[in-house]
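Working notes, structure below.
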Amino acid sequence: MRMNLVIKIVLSVFCLLAIRASQIQNSWADEGLSNGLSSSQRTAVDDVTHRSDELKAVNHAIWNYAEIGLEETKSSQLLIDKLKQAGFRVKSGVSDMPTAFVASYGSGKPIIGILAEYDALPGLSQKTVAYREPKVEGGAGHACGHSGLGTAALGAALAVKKAIDEHKLKGTIRLYGTPAEETGLGKVYMLLDGQFKDLDIALHWHPSSKTNVHLGSSKALVSVKFTFTGLPAHASVSPESGVSALDAVELMNTGVNFMREHVKEDARMHYVIIDGGGQPNVVPAKATVWYYVRANSHEDLERNYKWVVDIAKGAALMTRTKLKVHVDTDNHELIPNTPLSELIHKKLTAIGPPEFSEEEKQFARRIQQPLIDKFGQDFSVAIDNRIHSLLESKTSTKGSTDVGDISWHIPTGGLRTTCFAAGNPGHSWQNVACIGSSIGDKGILYAAQALAATTVELMENPALVTAAKADFDQRMQKRKYITLIPKGQKPPVKIK
């Protein structure tokens, strides 16, 4: 009997140990499943999954609205309505822009801002098909994927709110509705208006043909319009009585084209003539050319811009016209932030990229075919769903963004996720088709999860906020923010 009792006790102990080992193993398995995400971060990530149908519907709605910068009335209102329904405090029409807004939830520090964009590009309307077919002839389209950009920012903000409520997190989540990114306007004028002054961290993202963290920089840009005024006259009967404003525009453009040979290789100058006169038999009394001048640093941009202005003045002297120069906006290059980039990369890795179906890959292959036929491009994959390394992310982009101005004032971190076919060119009909498809939807949800998890960890771990601010302070030591926008100037909103 005693031996049987001992055996029973030993067996019971072994059973208890086995159960405990199983519990530990399951715990480790759960931890592996969550890939190092805390319970509050997991709550946020799961909330995005729970809202997936709702967020897809938002993306498709904004995709269909396809409103250009400063005219995103329906798009911004949809985001505002969703935020108000969720209990966010919303200020709309901020900074003299009807489609700009700031939505807040929570209380106290840190204040984490997520940037939302929702403007489309003119002339790039496209159906979700793998060949060129406009949805609306001559209409706008989301060729930069901003329908998805605003949607993921919304999804992240709502998910952070869920985590704040369930886990009693201290901190404030803000969603900034920033219009007209394609013309570099929204964030700059909101910044000059003080909308970001108490923000601790800014997070942003962008749809892309690959997934990575944005640890590099971008180009500084000034958007400026040169208007020349002359005198009208009959171009054949009395040309000597006319003063051609179009001549001034053409001479200016010629001068800038000769300038290209003598600037740094990173410089860019491109233009469109937005007013060149009415008809050939009238000497144009007014003409306007719109320029984007870019460089890798704002310091270089300032020098190049001054040179372009001097060329314009010379053209006015040569043609005896009067010149008016109007700076619409001025964008600075992005200032990266290593602690934020490392944190975002960890969250992208922890959550893991979505898988794409064979049907989606075949669609992407068809999207790529025109590029293969016309340019002989070689694509190793249809959809690139890898998470690229931080080392690869240090490369600066050749584009510009008004996020750069935020990064000169606040520690800023950003990411990209795969929403397009591999190798899609920027601002293309291919991007419009992809962001409106299930390929885009998957990348949008992934971005929302990564932004939400990053925000929650910043709220949970104040040391990360401190580290990001220290990195920011070090990078800004020899930089001084200078804007080419005249003091007190309002954004160029059309009055209807």
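Labels used: A, B, ... for chains in the order of the structure tokens, numbers from 1 for residues in each chain, and numbers from 1 for ligands as shown.
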
Which residues of region 89-206 of chain A come within 9 Å of region 468-491 of chain A, and what is each one's closest atom pair and distance in Å (one decimal), counting only C-alpha atoms, sorted by chain and residue number, as JSON lines?
```
{"residue": "A:Ser95", "atom": "CA", "partner": "A:Pro491", "partner_atom": "CA", "distance": 8.2}
{"residue": "A:Asp96", "atom": "CA", "partner": "A:Pro491", "partner_atom": "CA", "distance": 7.0}
{"residue": "A:Met97", "atom": "CA", "partner": "A:Pro491", "partner_atom": "CA", "distance": 7.2}
{"residue": "A:Leu185", "atom": "CA", "partner": "A:Pro491", "partner_atom": "CA", "distance": 7.2}
{"residue": "A:Gly186", "atom": "CA", "partner": "A:Pro491", "partner_atom": "CA", "distance": 8.2}
{"residue": "A:Tyr189", "atom": "CA", "partner": "A:Pro491", "partner_atom": "CA", "distance": 6.5}
{"residue": "A:Leu192", "atom": "CA", "partner": "A:Gly488", "partner_atom": "CA", "distance": 8.8}
{"residue": "A:Asp200", "atom": "CA", "partner": "A:Lys469", "partner_atom": "CA", "distance": 8.1}
{"residue": "A:Ile201", "atom": "CA", "partner": "A:Ala468", "partner_atom": "CA", "distance": 8.1}
```

For the residues selected in the previous step, produce a file with C-alpha atoms as a CSV table (one decimal), in the first residue's frame.
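Full text of part33.csv as output:
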```csv
chain,number,residue,atom,x,y,z
A,95,SER,CA,-5.2,76.3,-40.9
A,96,ASP,CA,-7.5,78.0,-43.4
A,97,MET,CA,-7.9,74.7,-45.4
A,185,LEU,CA,0.9,72.2,-49.1
A,186,GLY,CA,-1.1,70.7,-46.2
A,189,TYR,CA,0.7,75.4,-43.6
A,192,LEU,CA,3.3,77.3,-39.7
A,200,ASP,CA,6.1,64.4,-29.2
A,201,ILE,CA,6.4,61.9,-32.1
```

Query - Test item: residues at most 10 Å from region 363-378 of chain A, only C-alpha atoms, excluding those fewer than 2 positions along its chain, as JSON, numbers by chain - result: {"A": [128, 129, 130, 131, 132, 357, 358, 359, 360, 361, 380, 381, 382, 383, 420, 421, 422, 423, 424, 425, 429, 430, 431, 433, 434, 437, 439]}

Keeping only N, CA and C atoms, write those residues as a compact mmCIF listing (two decimals), in the first residue's frame.
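Output below, filename part-v7.txt:
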```
# COMPACT_ATOMS: atom_id res chain seq x y z
N THR A 128 -9.84 49.18 -61.91
CA THR A 128 -9.00 48.13 -61.32
C THR A 128 -8.85 46.98 -62.30
N VAL A 129 -8.25 47.32 -63.43
CA VAL A 129 -7.96 46.33 -64.47
C VAL A 129 -6.48 46.45 -64.84
N ALA A 130 -5.94 45.40 -65.45
CA ALA A 130 -4.50 45.34 -65.71
C ALA A 130 -4.10 45.93 -67.06
N TYR A 131 -4.89 46.86 -67.56
CA TYR A 131 -4.58 47.59 -68.78
C TYR A 131 -5.13 48.99 -68.64
N ARG A 132 -4.63 49.91 -69.44
CA ARG A 132 -5.02 51.32 -69.30
C ARG A 132 -6.46 51.52 -69.72
N SER A 357 -2.19 35.97 -52.99
CA SER A 357 -2.70 34.78 -53.68
C SER A 357 -2.13 34.68 -55.10
N GLU A 358 -2.27 33.52 -55.70
CA GLU A 358 -1.84 33.33 -57.08
C GLU A 358 -2.61 34.25 -58.02
N GLU A 359 -3.87 34.44 -57.72
CA GLU A 359 -4.69 35.34 -58.55
C GLU A 359 -4.14 36.76 -58.50
N GLU A 360 -3.76 37.21 -57.29
CA GLU A 360 -3.19 38.55 -57.13
C GLU A 360 -1.84 38.65 -57.84
N LYS A 361 -1.04 37.61 -57.78
CA LYS A 361 0.25 37.62 -58.47
C LYS A 361 0.07 37.65 -59.99
N SER A 380 11.79 40.21 -61.36
CA SER A 380 12.06 38.87 -60.82
C SER A 380 10.84 38.32 -60.08
N VAL A 381 10.01 39.21 -59.54
CA VAL A 381 8.80 38.78 -58.83
C VAL A 381 7.63 39.63 -59.27
N ALA A 382 6.44 39.10 -59.07
CA ALA A 382 5.22 39.86 -59.39
C ALA A 382 4.91 40.85 -58.27
N ILE A 383 4.99 40.36 -57.03
CA ILE A 383 4.73 41.18 -55.86
C ILE A 383 5.85 40.93 -54.85
N PHE A 420 1.56 47.75 -54.29
CA PHE A 420 1.62 47.81 -55.74
C PHE A 420 2.38 46.60 -56.29
N ALA A 421 2.23 46.35 -57.56
CA ALA A 421 3.04 45.34 -58.23
C ALA A 421 4.50 45.75 -58.19
N ALA A 422 5.39 44.78 -58.14
CA ALA A 422 6.83 45.07 -58.08
C ALA A 422 7.23 45.90 -59.30
N GLY A 423 7.98 46.98 -59.03
CA GLY A 423 8.51 47.80 -60.12
C GLY A 423 7.55 48.83 -60.67
N ASN A 424 6.35 48.95 -60.11
CA ASN A 424 5.43 49.98 -60.60
C ASN A 424 6.08 51.36 -60.53
N PRO A 425 6.01 52.14 -61.60
CA PRO A 425 6.52 53.51 -61.52
C PRO A 425 5.60 54.38 -60.67
N TRP A 429 -0.87 54.79 -63.75
CA TRP A 429 -2.19 54.14 -63.73
C TRP A 429 -2.10 52.77 -63.07
N GLN A 430 -0.93 52.12 -63.16
CA GLN A 430 -0.75 50.82 -62.52
C GLN A 430 -0.97 50.92 -61.01
N ASN A 431 -0.49 52.00 -60.41
CA ASN A 431 -0.68 52.19 -58.96
C ASN A 431 -2.15 52.39 -58.61
N ALA A 433 -4.72 51.16 -60.18
CA ALA A 433 -5.37 49.85 -60.25
C ALA A 433 -5.06 49.00 -59.04
N CYS A 434 -3.80 49.02 -58.59
CA CYS A 434 -3.39 48.16 -57.48
C CYS A 434 -3.96 48.62 -56.14
N SER A 437 -7.37 47.52 -55.49
CA SER A 437 -7.59 46.08 -55.55
C SER A 437 -7.28 45.43 -54.20
N ILE A 439 -4.76 43.67 -53.56
CA ILE A 439 -3.33 43.83 -53.28
C ILE A 439 -3.13 45.05 -52.39
```

Report task. Find the residues around Arg416 (chain A) up to 9 Å (only C-alpha atoms counted), leave out those fewer than 3 positions away in its own chain, and share them as JSON, numbers by chain. Result -> {"A": [204, 205, 206, 207, 208, 209, 210, 211, 212, 213, 214, 419, 443, 447]}

Query raised in the report: Between A:Ile311, A:Ala453, A:Met190, A:Ile273, which one has atoms that come closest to Ala156 (chain A), using only C-alpha atoms?
Result: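 Looking at the shortest contact to Ala156 (chain A), the residue is A:Ala453.
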
Query raised in the report: Where in region 206-318 of chain A does DSSP assign strand (DSSP E or B), given as a PyMOL selection string?
Result: chain A and resi 206-208+211-213+220-229+231+234+243+268-275+282+286-295

Requested in this report: Would you please work out which residue, of A:Pro492, A:Gly255, A:Pro232, A:Gly145, is nearest to Asn59 (chain A) when using only C-alpha atoms?
Outcome: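 Nearest to Asn59 (chain A): A:Gly145.
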
Report task. Extract the full set of alpha helix (DSSP H) residues from region 71-211 of chain A according to DSSP on the backbone, and format it as a ChimeraX atom specification. Result -> /A:73-85,146-167,186-192

Report summary line: Min atom-atom distance to Phe356 (chain A) from the set A:Gln195, A:Val188, A:Asn385, A:Asn281, counting only C-alpha atoms, belongs to A:Asn385

Query raised in the report: Near Arg42 (chain A), within 12 Å and counting only C-alpha atoms, which residues show up once chain neighbours fewer than 2 positions away are dropped, as a PyMOL selection string?
Result: chain A and resi 30-31+33-40+44-50+159-160+162-163+166-167+347+350-351+449-450+452-454+456-457

Query raised in the report: So how far away is CA of Ser396 (chain A) from CA of Ser217 (chain A), in Å?
Result: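 Computed distance, CA of Ser217 (chain A) to CA of Ser396 (chain A), equals 4.5 Å.
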
Report summary line: Using only C-alpha atoms, the shortest atom-to-atom distance to Ala267 (chain A) among A:Thr183, A:Ser297, A:Ser244, A:Ser428 belongs to A:Ser297

Query - Shell around Ala235 (chain A) at 7 Å using only C-alpha atoms, local window under 2 positions removed, as a list of chain:residue names - result: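 Everything that qualifies: A:Ala233, A:Val237, A:Ser238, A:Pro239, A:Asn281, A:Val282, A:Val283.
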
Query raised in the report: What is the distance, in Å and to one decimal place, between CA of Lys197 (chain A) and CA of Ser104 (chain A)?
Result: 14.3 Å

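Among the candidates A:Pro122, A:Gly138, A:Gly404, A:Gly108, the one nearest to Gly171 (chain A) when counting only C-alpha atoms is A:Gly108.
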